[in-house]
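K.L.:
This is the content of start06.txt (compact mmCIF, C-alpha atoms and all ligand atoms):
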# COMPACT_ATOMS: atom_id res chain seq x y z
CA MET V 728 -2.49 0.85 22.29
CA SER V 729 -0.60 0.53 19.04
CA ARG V 730 -2.58 -0.32 15.96
CA ILE V 731 -0.92 -2.96 13.79
CA LEU V 732 -2.01 -3.60 10.20
CA VAL V 733 -2.20 -7.34 9.57
CA THR V 734 -2.54 -8.12 5.87
CA GLY V 735 -3.88 -11.60 5.26
CA GLY V 736 -5.17 -11.51 8.82
CA THR V 737 -7.98 -14.01 8.18
CA GLY V 738 -5.53 -16.61 6.85
CA TYR V 739 -3.87 -19.44 8.72
CA ILE V 740 -0.83 -17.75 10.25
CA GLY V 741 -2.47 -14.32 10.11
CA SER V 742 -5.45 -15.30 12.26
CA HIS V 743 -3.25 -16.84 14.96
CA THR V 744 -1.09 -13.71 14.94
CA VAL V 745 -4.15 -11.48 15.33
CA VAL V 746 -5.02 -13.45 18.49
CA GLU V 747 -1.49 -13.13 19.90
CA LEU V 748 -1.39 -9.40 19.12
CA GLN V 749 -4.66 -8.94 20.99
CA ASN V 750 -3.34 -11.05 23.88
CA ALA V 751 -0.29 -8.78 24.02
CA GLY V 752 -2.45 -5.63 24.16
CA TYR V 753 -2.14 -4.49 20.53
CA THR V 754 -5.03 -3.53 18.28
CA PRO V 755 -4.70 -5.50 15.03
CA VAL V 756 -6.40 -4.05 11.95
CA VAL V 757 -7.07 -6.81 9.45
CA VAL V 758 -6.93 -6.32 5.68
CA ASP V 759 -7.81 -9.31 3.53
CA ASN V 760 -9.57 -9.90 0.21
CA LEU V 761 -10.77 -13.34 1.41
CA SER V 762 -9.30 -14.97 -1.71
CA ASN V 763 -8.05 -17.93 0.34
CA SER V 764 -9.75 -17.47 3.70
CA ASN V 765 -13.14 -17.23 5.34
CA VAL V 766 -14.73 -14.15 6.87
CA GLY V 767 -16.13 -16.35 9.66
CA VAL V 768 -12.59 -16.47 11.09
CA LEU V 769 -13.19 -12.98 12.54
CA ASP V 770 -16.02 -14.28 14.74
CA GLN V 771 -13.88 -17.24 15.73
CA ILE V 772 -11.15 -14.83 16.86
CA ALA V 773 -13.78 -12.95 18.87
CA LYS V 774 -14.75 -16.21 20.60
CA ILE V 775 -11.12 -16.64 21.70
CA THR V 776 -10.21 -13.08 22.71
CA GLY V 777 -13.56 -11.37 23.24
CA THR V 778 -12.78 -8.82 20.52
CA ARG V 779 -13.69 -9.03 16.85
CA PRO V 780 -10.83 -7.31 15.02
CA GLU V 781 -11.47 -4.34 12.77
CA PHE V 782 -11.69 -5.66 9.20
CA HIS V 783 -11.22 -4.10 5.76
CA ASN V 784 -11.95 -6.17 2.66
CA PHE V 785 -9.90 -5.04 -0.32
CA ASP V 786 -7.17 -6.24 -2.64
CA LEU V 787 -3.68 -4.93 -1.89
CA CYS V 788 -2.92 -5.08 -5.62
CA ASP V 789 -5.36 -2.17 -5.99
CA GLU V 790 -3.01 0.77 -5.52
CA GLY V 791 -5.82 3.30 -5.10
CA ALA V 792 -7.48 1.21 -2.41
CA VAL V 793 -4.20 0.87 -0.52
CA ARG V 794 -3.58 4.64 -0.65
CA ALA V 795 -7.13 5.40 0.50
CA PHE V 796 -6.82 2.93 3.37
CA VAL V 797 -3.48 4.32 4.52
CA ALA V 798 -4.77 7.91 4.33
CA GLY V 799 -7.68 6.94 6.56
CA GLN V 800 -5.50 5.14 9.11
CA PRO V 801 -2.93 7.67 10.32
CA ASP V 802 -2.33 5.88 13.63
CA ILE V 803 -1.01 2.56 12.32
CA THR V 804 2.52 2.02 13.67
CA GLY V 805 3.33 -1.43 12.40
CA ILE V 806 2.58 -3.77 9.51
CA ILE V 807 2.70 -7.54 9.46
CA HIS V 808 2.42 -8.59 5.85
CA PHE V 809 1.08 -12.11 5.34
CA ALA V 810 -1.14 -11.56 2.30
CA ALA V 811 0.32 -13.63 -0.51
CA TYR V 812 -0.26 -16.73 -2.57
CA LYS V 813 1.61 -19.73 -1.17
CA ALA V 814 0.96 -22.91 -3.15
CA VAL V 815 4.27 -24.13 -4.53
CA GLY V 816 2.82 -26.35 -7.28
CA GLU V 817 0.29 -23.76 -8.46
CA SER V 818 3.08 -21.19 -8.71
CA VAL V 819 4.88 -23.43 -11.20
CA GLN V 820 1.69 -23.68 -13.29
CA GLN V 821 0.78 -19.99 -13.02
CA PRO V 822 3.94 -17.98 -12.33
CA LEU V 823 2.48 -14.63 -13.41
CA LYS V 824 -0.40 -14.99 -10.96
CA TYR V 825 2.22 -15.32 -8.19
CA TYR V 826 4.53 -12.55 -9.35
CA HIS V 827 1.60 -10.19 -9.89
CA ASN V 828 -0.08 -10.77 -6.54
CA ASN V 829 2.93 -11.18 -4.27
CA PHE V 830 4.92 -8.27 -5.70
CA PHE V 831 2.23 -5.67 -6.42
CA SER V 832 0.73 -6.02 -2.95
CA LEU V 833 4.14 -5.52 -1.32
CA ILE V 834 5.14 -2.62 -3.54
CA ASN V 835 1.79 -0.86 -3.09
CA LEU V 836 2.12 -1.13 0.68
CA LEU V 837 5.70 0.17 0.72
CA ASN V 838 4.80 3.03 -1.60
CA ALA V 839 1.82 4.02 0.50
CA TYR V 840 4.08 4.25 3.56
CA ARG V 841 6.99 6.02 1.86
CA ASP V 842 6.54 9.21 3.94
CA LYS V 843 5.69 7.62 7.29
CA PRO V 844 7.78 5.81 9.87
CA VAL V 845 6.72 2.20 9.87
CA ASN V 846 7.75 -1.07 11.46
CA PHE V 847 7.35 -3.85 8.90
CA VAL V 848 7.39 -7.60 9.52
CA PHE V 849 7.53 -9.80 6.44
CA SER V 850 6.40 -13.39 6.08
CA SER V 851 9.36 -15.18 4.51
CA SER V 852 10.31 -18.83 4.34
CA CYS V 853 13.16 -21.26 4.88
CA THR V 854 12.60 -22.11 1.22
CA VAL V 855 15.13 -19.31 0.49
CA TYR V 856 17.91 -21.67 1.70
CA GLY V 857 17.04 -24.51 -0.71
CA GLN V 858 19.07 -27.54 0.42
CA PRO V 859 21.56 -25.90 2.80
CA ASP V 860 25.19 -27.05 2.76
CA GLU V 861 25.30 -27.09 6.57
CA LEU V 862 22.66 -27.98 9.15
CA PRO V 863 21.23 -26.47 11.20
CA VAL V 864 21.00 -23.59 8.74
CA THR V 865 21.80 -20.10 10.06
CA GLU V 866 20.56 -16.77 8.71
CA ALA V 867 24.05 -16.22 7.25
CA ALA V 868 23.73 -19.23 4.90
CA PRO V 869 23.62 -18.34 1.21
CA VAL V 870 20.25 -17.99 -0.47
CA LYS V 871 19.99 -20.68 -3.14
CA ARG V 872 18.30 -20.44 -6.52
CA ALA V 873 14.55 -20.78 -5.92
CA GLU V 874 12.89 -24.06 -6.91
CA SER V 875 9.56 -22.40 -7.72
CA PRO V 876 8.06 -19.01 -8.58
CA TYR V 877 6.55 -19.02 -5.06
CA GLY V 878 10.01 -19.43 -3.53
CA ASN V 879 11.33 -16.76 -5.85
CA THR V 880 8.67 -14.28 -4.69
CA LYS V 881 9.99 -14.75 -1.12
CA GLN V 882 13.62 -14.25 -2.17
CA VAL V 883 12.95 -11.19 -4.29
CA ALA V 884 10.57 -9.70 -1.71
CA GLU V 885 13.37 -9.92 0.86
CA GLU V 886 15.63 -8.05 -1.59
CA ILE V 887 12.96 -5.42 -2.25
CA LEU V 888 12.61 -4.90 1.49
CA SER V 889 16.30 -4.71 2.29
CA GLU V 890 16.96 -2.31 -0.59
CA THR V 891 13.98 -0.14 0.30
CA ALA V 892 14.99 -0.04 3.98
CA ALA V 893 18.54 0.92 2.98
CA ALA V 894 17.37 3.70 0.69
CA ALA V 895 14.80 5.32 2.98
CA GLY V 896 15.24 5.60 6.73
CA ASN V 897 11.54 5.43 7.62
CA TYR V 898 11.20 1.67 7.11
CA GLN V 899 12.34 -0.66 9.90
CA VAL V 900 12.01 -4.17 8.52
CA VAL V 901 12.32 -7.72 9.81
CA SER V 902 11.84 -10.79 7.61
CA LEU V 903 10.85 -13.93 9.48
CA ARG V 904 11.95 -17.10 7.71
CA TYR V 905 9.42 -19.68 8.80
CA PHE V 906 10.23 -23.35 8.76
CA ASN V 907 7.11 -25.60 8.49
CA PRO V 908 4.11 -24.10 10.31
CA VAL V 909 1.61 -26.70 11.54
CA GLY V 910 -1.01 -27.16 14.27
CA ALA V 911 -3.87 -24.96 15.37
CA HIS V 912 -5.03 -22.82 18.27
CA ASP V 913 -5.53 -24.81 21.45
CA THR V 914 -9.22 -23.83 21.55
CA ALA V 915 -9.64 -25.44 18.09
CA LEU V 916 -11.57 -22.31 17.03
CA ILE V 917 -9.04 -21.35 14.35
CA GLY V 918 -6.63 -23.38 12.23
CA GLU V 919 -5.61 -24.09 8.68
CA LEU V 920 -8.34 -24.20 6.02
CA PRO V 921 -6.75 -25.74 2.95
CA LEU V 922 -8.62 -25.37 -0.33
CA GLY V 923 -9.15 -28.68 -2.10
CA VAL V 924 -6.71 -31.54 -1.63
CA PRO V 925 -4.05 -30.46 0.88
CA GLN V 926 -0.56 -30.32 -0.56
CA ASN V 927 1.11 -30.04 2.84
CA LEU V 928 1.78 -32.99 5.11
CA VAL V 929 -0.12 -32.25 8.31
CA PRO V 930 -3.45 -31.13 6.76
CA PHE V 931 -3.29 -34.26 4.61
CA ILE V 932 -2.69 -36.40 7.71
CA THR V 933 -5.66 -34.94 9.60
CA GLN V 934 -8.00 -35.17 6.59
CA SER V 935 -6.91 -38.75 5.99
CA ALA V 936 -7.46 -39.59 9.66
CA ILE V 937 -11.00 -38.21 9.60
CA GLY V 938 -11.85 -40.06 6.39
CA LYS V 939 -11.96 -37.12 3.98
CA ARG V 940 -8.94 -38.47 2.08
CA GLY V 941 -7.43 -41.84 1.33
CA PRO V 942 -4.09 -43.08 2.63
CA ILE V 943 -1.15 -40.74 3.05
CA THR V 944 1.70 -41.10 0.60
CA VAL V 945 5.15 -40.65 2.11
CA PHE V 946 7.07 -38.89 -0.64
CA GLY V 947 10.29 -40.91 -0.68
CA ASN V 948 12.01 -43.22 1.80
CA ASP V 949 15.39 -43.29 0.09
CA TYR V 950 16.74 -39.96 1.30
CA ASN V 951 20.03 -39.81 3.17
CA THR V 952 18.27 -39.38 6.54
CA PRO V 953 18.01 -41.70 9.57
CA ASP V 954 14.79 -43.40 8.38
CA GLY V 955 15.01 -42.43 4.70
CA SER V 956 12.09 -39.96 4.71
CA ALA V 957 12.61 -36.20 4.33
CA VAL V 958 13.27 -34.06 7.40
CA ARG V 959 11.73 -30.65 8.24
CA ASP V 960 11.65 -28.29 11.21
CA TYR V 961 7.94 -28.22 12.15
CA ILE V 962 6.86 -25.20 14.18
CA HIS V 963 3.57 -24.78 16.03
CA VAL V 964 1.55 -21.95 14.48
CA VAL V 965 0.90 -20.39 17.92
CA ASP V 966 4.66 -20.20 18.60
CA LEU V 967 5.09 -18.75 15.13
CA ALA V 968 2.36 -16.17 15.80
CA LYS V 969 4.17 -15.12 18.98
CA ALA V 970 7.37 -14.58 16.98
CA HIS V 971 5.55 -11.81 15.09
CA VAL V 972 4.66 -10.05 18.33
CA ALA V 973 8.32 -10.36 19.38
CA ALA V 974 9.39 -8.88 16.02
CA ILE V 975 7.06 -5.90 16.42
CA LYS V 976 8.45 -5.33 19.93
CA LEU V 977 12.03 -5.50 18.65
CA LEU V 978 11.25 -2.88 16.00
CA GLU V 979 9.49 -0.69 18.56
CA ARG V 980 12.52 -0.62 20.84
CA GLY V 981 14.86 -0.25 17.85
CA ASN V 982 16.80 -3.07 16.27
CA PRO V 983 20.52 -2.60 17.03
CA ASN V 984 21.33 -4.54 13.84
CA GLY V 985 19.92 -1.76 11.65
CA ASN V 986 16.78 -1.26 9.64
CA TYR V 987 16.73 -4.60 7.83
CA ASP V 988 17.17 -7.96 9.53
CA VAL V 989 16.19 -11.63 9.12
CA PHE V 990 15.39 -14.34 11.66
CA ASN V 991 14.86 -18.08 11.45
CA ILE V 992 11.60 -19.14 13.08
CA GLY V 993 11.57 -22.84 13.83
CA THR V 994 12.16 -25.15 16.78
CA GLY V 995 15.75 -25.95 15.85
CA THR V 996 15.07 -29.67 15.51
CA GLY V 997 14.13 -31.79 12.54
CA ASN V 998 11.51 -34.51 12.23
CA SER V 999 11.14 -36.95 9.37
CA VAL V 1000 7.85 -37.59 7.60
CA LEU V 1001 7.65 -41.02 9.27
CA GLU V 1002 8.33 -39.45 12.68
CA VAL V 1003 5.49 -36.98 12.11
CA ILE V 1004 3.13 -39.82 11.23
CA LEU V 1005 4.17 -41.71 14.36
CA ALA V 1006 3.85 -38.59 16.52
CA PHE V 1007 0.30 -38.10 15.22
CA GLU V 1008 -0.64 -41.68 16.02
CA GLU V 1009 0.94 -41.60 19.47
CA SER V 1010 -0.43 -38.23 20.54
CA THR V 1011 -3.99 -38.75 19.25
CA GLY V 1012 -4.42 -42.51 19.53
CA VAL V 1013 -5.67 -42.53 15.92
CA ALA V 1014 -4.04 -45.00 13.53
CA LEU V 1015 -3.05 -43.71 10.09
CA ASN V 1016 -3.09 -45.48 6.79
CA TYR V 1017 0.03 -44.65 4.80
CA ARG V 1018 2.20 -46.02 2.04
CA ILE V 1019 5.58 -45.17 0.59
CA GLY V 1020 5.62 -43.38 -2.76
CA PRO V 1021 8.21 -41.73 -4.97
CA ARG V 1022 9.96 -38.49 -4.05
CA ARG V 1023 8.08 -35.26 -4.85
CA THR V 1024 9.78 -33.04 -7.43
CA GLY V 1025 11.38 -29.98 -5.91
CA ASP V 1026 11.55 -31.30 -2.33
CA VAL V 1027 14.77 -30.81 -0.39
CA GLU V 1028 16.13 -33.76 1.58
CA GLN V 1029 16.44 -32.16 4.98
CA VAL V 1030 16.32 -28.75 6.56
CA TRP V 1031 16.12 -27.45 10.09
CA GLY V 1032 17.02 -24.11 11.53
CA ASP V 1033 19.57 -22.66 13.88
CA VAL V 1034 17.33 -20.49 16.04
CA SER V 1035 19.97 -19.02 18.35
CA LYS V 1036 19.71 -15.58 16.73
CA SER V 1037 15.94 -15.49 17.35
CA THR V 1038 16.43 -16.69 20.91
CA VAL V 1039 19.05 -14.08 21.76
CA GLU V 1040 18.08 -11.06 19.67
CA LEU V 1041 14.33 -11.46 19.26
CA GLY V 1042 13.87 -12.86 22.77
CA TRP V 1043 11.65 -15.59 21.34
CA ARG V 1044 11.78 -19.36 21.33
CA ALA V 1045 9.34 -22.13 20.44
CA GLU V 1046 7.64 -23.68 23.46
CA LEU V 1047 5.44 -26.36 21.90
CA GLY V 1048 6.62 -29.70 20.59
CA ILE V 1049 5.56 -32.10 17.86
CA ALA V 1050 2.94 -33.81 20.08
CA ASP V 1051 1.22 -30.44 20.76
CA MET V 1052 1.30 -29.71 17.04
CA MET V 1053 -0.37 -33.02 16.15
CA ARG V 1054 -2.96 -32.91 18.95
CA SER V 1055 -4.05 -29.37 18.10
CA ALA V 1056 -4.21 -30.08 14.35
CA TRP V 1057 -6.39 -33.11 15.05
CA LYS V 1058 -8.67 -31.21 17.45
CA TRP V 1059 -9.15 -28.57 14.75
CA GLU V 1060 -9.97 -31.13 12.05
CA GLN V 1061 -12.59 -32.65 14.37
CA TYR V 1062 -14.02 -29.22 15.21
CA LEU V 1063 -14.31 -28.37 11.50
CA GLN V 1064 -16.28 -31.52 10.82
CA ASP V 1065 -18.99 -30.40 13.24
CA HIS V 1066 -18.67 -26.64 12.61
CA PRO V 1067 -17.90 -25.99 8.93
CA LEU V 1068 -16.93 -22.32 8.67
CA THR V 1069 -19.36 -20.41 6.49
C1 LIG S 1 6.56 -26.16 1.38
C2 LIG S 1 7.44 -25.06 0.89
C3 LIG S 1 7.55 -23.98 1.91
C4 LIG S 1 6.17 -23.49 2.27
C5 LIG S 1 5.38 -24.67 2.79
C6 LIG S 1 3.97 -24.26 3.15
C7 LIG S 1 9.33 -25.56 -0.57
C8 LIG S 1 10.66 -26.21 -0.68
N1 LIG S 1 8.77 -25.61 0.62
O1 LIG S 1 7.25 -26.80 2.45
O2 LIG S 1 8.29 -22.90 1.41
O3 LIG S 1 6.27 -22.49 3.22
O4 LIG S 1 5.32 -25.68 1.80
O5 LIG S 1 3.18 -24.05 2.03
O6 LIG S 1 8.83 -25.03 -1.50
N2 LIG S 1 4.95 -34.94 2.35
C9 LIG S 1 4.59 -36.27 2.19
N3 LIG S 1 3.31 -36.55 1.83
C10 LIG S 1 2.37 -35.57 1.61
C11 LIG S 1 2.74 -34.21 1.78
C12 LIG S 1 4.04 -33.94 2.14
O7 LIG S 1 5.42 -37.17 2.38
O8 LIG S 1 1.23 -35.90 1.26
C13 LIG S 1 6.33 -34.63 2.78
C14 LIG S 1 7.08 -33.73 1.81
O9 LIG S 1 7.73 -34.47 0.84
C15 LIG S 1 8.04 -33.03 2.80
C16 LIG S 1 7.26 -32.96 4.10
O10 LIG S 1 6.21 -33.92 3.98
O11 LIG S 1 9.18 -33.84 3.00
C17 LIG S 1 6.63 -31.60 4.33
O12 LIG S 1 5.93 -31.23 3.15
P1 LIG S 1 4.98 -29.94 3.10
O13 LIG S 1 4.08 -29.93 4.28
O14 LIG S 1 4.37 -29.89 1.74
O15 LIG S 1 5.99 -28.72 3.30
P2 LIG S 1 7.35 -28.37 2.51
O16 LIG S 1 7.35 -28.92 1.15
O17 LIG S 1 8.48 -28.70 3.42
If you convert what's in this file into C-alpha cells, what do you get?
Ligand code: UD1

P.N.:
Amino acid sequence: MSRILVTGGTGYIGSHTVVELQNAGYTPVVVDNLSNSNVGVLDQIAKITGTRPEFHNFDLCDEGAVRAFVAGQPDITGIIHFAAYKAVGESVQQPLKYYHNNFFSLINLLNAYRDKPVNFVFSSSCTVYGQPDELPVTEAAPVKRAESPYGNTKQVAEEILSETAAAAGNYQVVSLRYFNPVGAHDTALIGELPLGVPQNLVPFITQSAIGKRGPITVFGNDYNTPDGSAVRDYIHVVDLAKAHVAAIKLLERGNPNGNYDVFNIGTGTGNSVLEVILAFEESTGVALNYRIGPRRTGDVEQVWGDVSKSTVELGWRAELGIADMMRSAWKWEQYLQDHPLT
C-alpha cells in the first residue's frame, strides 16, 4: 500500500492523521525532530491501530539529511507536510526562527523531490484570510496582509507551492486551510500537548477545568457578534485528519482543477468563545471559572468557512460537532493527568 511521508507526524494534527492514514490502509512514514512533540506518541498510535509507524528523527532544515532520507525512500508517493512552528505570539518575538524553520524545511523537501512525481498536502490556515469581508469565507476570498510572521509563513508557503507546481509538472499540491482544530482522539490516547501555558482556547479550558491553570479569560466581549465574544469555526481534529486522507485520494485520482488547489477545512459554522465555554460545561458536566478581559491584539472578530468546495470536490465533510470536540478534549486532559507522556 502507498507509503505517505508525514512530516511533523508526532505532533497534534500529524498524529491524528497518521492514525487515519493507517485506518484507510496507507503506510505513513513519520519524520519529526521532536522539537514540539513527544516520541511516546508513536506507542500511543500503536495502541490505537496496532501498528507503530516507521519513524525517522531528523530536522528538515538539514538539507543533507532530507536528501539522504529521500534517496533511501524511493517508494514514497505522497507527502503531508505538518512540520512547522505555529505559535503566533512567539513568531512576533522571534520572526527569524519562524522564517528559517518554516521555509527551509519546505524548500528542502520540494528540492529533494524535484525529479520525482509527488502528491503534496500542505498544512495551511484560515489565518490567510485575516478578517474576511464576507462570511462564510470562500477559498476565492482575497488573502489579507498577515498579522504575524507565523501567518506570513503560511501565506508565502502557499505562494511557494503554487509557483513551484506551476513551474514543474511533477508536483501535485493541495493546501488545506484549517479553521480552529480542537479535540482529541476518541480513545483519549492522543491529543494536543501544549508546551507551557496554552495560548489557544480549548487547551486552556481543559487545563483550567482540571486545576492546572486559573480562571479562563475571555478576550473581549465587545465585538460585533451575537454575544460580543469572538467567533471561530472549530473543527474536530479527527475530522481534520480525515480531510488529509481525502486530499491524498484526490491527488491520487488526479485533481481536475490542476496541480495546485486550496480547500477550506472547517465545519462551516461559527461558535463564540462564550458558546465554547458553555458547550464544554454542558457536554462534560464540569463548571468553568471564567472572567471577561480585554481583546487580544491581532485577533479577528469573526471567521467561519464556506466548506462547499471541500464537500463537493474533496468528498469530505466534518461529522463531529462542538459537544464531541469538548468531550474528547476533556477526556484527553484527564488521561494525561494519570498517564503523563514520557
Ligand atoms: C490562532 C491563529 C491560527 C492558528 C491557531 C492555532 C491567528 C489569527 N490565528 O487561531 O492561525 O492556526 O491559533 O495555533 O493567528 N481566547 C480567549 N481566551 C483564551 C484563549 C483564546 O478568549 O485564553 C479566544 C481568542 O481571542 C479567539 C478564540 O478564543 O477569539 C480562539 O483563540 P485561539 O484558540 O488562540 O485560536 P485563534 O487565535 O483563532

K.L.:
Any residue with an atom at most 9 Å from ligand LIG 1 (chain S) counts, using all atoms listed in the file. Which are they? Put them as a count of residues only.

P.N.:
58

K.L.:
So, counting all atoms listed in the file, which residue among V:Asp786, V:Glu1008, V:Asp966, V:Glu885 is closest to Trp1043 of chain V?

P.N.:
V:Asp966

K.L.:
Compile the contact shell of Lys824 of chain V as a list in words: residues with an atom at most 12 Å away, counting all atoms listed in the file, same-chain residues fewer than 2 positions apart removed.

P.N.:
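Near Lys824 of chain V, the qualifying residues are Cys788, Ala811, Tyr812, Lys813, Ala814, Glu817, Ser818, Val819, Gln820, Gln821, Pro822, Tyr826, His827, Asn828, Asn829, Phe830, Phe831, Pro876, Tyr877 and Thr880 of chain V.
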
K.L.:
Using only C-alpha atoms, determine which residues lie at most 9 Å from Gly896 of chain V, disregarding the query and same-chain residues fewer than 3 positions distant; provide the list as a list in words.

P.N.:
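Returned residues: Pro844, Thr891, Ala892, Ala893, Gln899 and Asn986 of chain V.
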
K.L.:
Identify which of the residues V:Leu903, V:Ala798, V:Val793, V:Ala936 lies closest to Gln1061 of chain V, counting all atoms listed in the file when measuring atom-to-atom distances.

P.N.:
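Ranking V:Leu903, V:Ala798, V:Val793, V:Ala936 by distance to Gln1061 of chain V, first place goes to V:Ala936.
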
K.L.:
So, with only C-alpha atoms as the atoms that count, which of V:Gly1042, V:Asn998, V:Ala915, V:Ser1010 lies closest to Asp954 of chain V?

P.N.:
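For Asp954 of chain V, the nearest of the candidates is V:Asn998.
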
K.L.:
For each of V:Leu862, V:Glu1060, V:His1066, V:Gly995, take the minimum atom-to-atom distance to Ala1045 of chain V, counting all atoms listed in the file, then give the residue where this is smallest.

P.N.:
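Answer, going by the shortest atom-to-atom distance: V:Gly995.
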
K.L.:
Have a look at V:Gly1032, V:Gly741, V:Gly799, V:Gly1048 and name the one nearest to Asn763 of chain V; count all atoms listed in the file.

P.N.:
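Result for the nearest residue to Asn763 of chain V: V:Gly741.
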
K.L.:
Set the distance at 7 Å and use only C-alpha atoms: which residues neighbour Phe809 of chain V once local chain neighbours fewer than 2 positions away are removed? I'd like the list as a list in words.

P.N.:
Thr734, Gly735, Gly741, Ile807, Ala811, Phe849 and Ser850 of chain V

K.L.:
Using only C-alpha atoms, find the one residue out of V:Gln800, V:Thr744, V:Gln771, V:Asn750 that sits nearest to Leu916 of chain V.

P.N.:
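Of V:Gln800, V:Thr744, V:Gln771, V:Asn750, the one nearest Leu916 of chain V, counting only C-alpha atoms, is V:Gln771.
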
K.L.:
Mind giving me the straight-line distance from atom CA of Val864 of chain V to atom CA of Asp1033 of chain V in Å, one decimal?

P.N.:
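About the pair atom CA of Val864 of chain V and atom CA of Asp1033 of chain V: they are 5.4 Å apart.
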
K.L.:
Figure out the distance between atom CA of Gln1064 of chain V and atom CA of Ala968 of chain V, please, to one decimal in Å.

P.N.:
24.7 Å

K.L.:
Any idea what the distance is between atom CA of His743 of chain V and atom CA of Val964 of chain V?

P.N.:
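Spanning atom CA of His743 of chain V to atom CA of Val964 of chain V is a straight-line distance of 7.0 Å.
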
K.L.:
In the coordinate frame of the file, compute which residues have an atom within 10 Å of (5.1, -28.2, 19.5) when using only C-alpha atoms, and state them as a ChimeraX atom specification.

P.N.:
/V:909-910,961-966,994,1045-1055

K.L.:
Find the residues with any atom within 10 Å of (22.5, -16.8, 0.1); use only C-alpha atoms and the coordinates as given in the file, and write the answer as a ChimeraX atom specification.

P.N.:
/V:855-857,859,866-872,882

K.L.:
Write out as a list in words each polymer residue whose atoms come within 7 Å of Ala911 of chain V, counting all atoms listed in the file; drop sequence neighbours fewer than 6 positions from it.

P.N.:
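Within the cut-off, the hits are Ile917, Gly918, Glu919, Val964, Ser1055, Ala1056 and Trp1059 of chain V.
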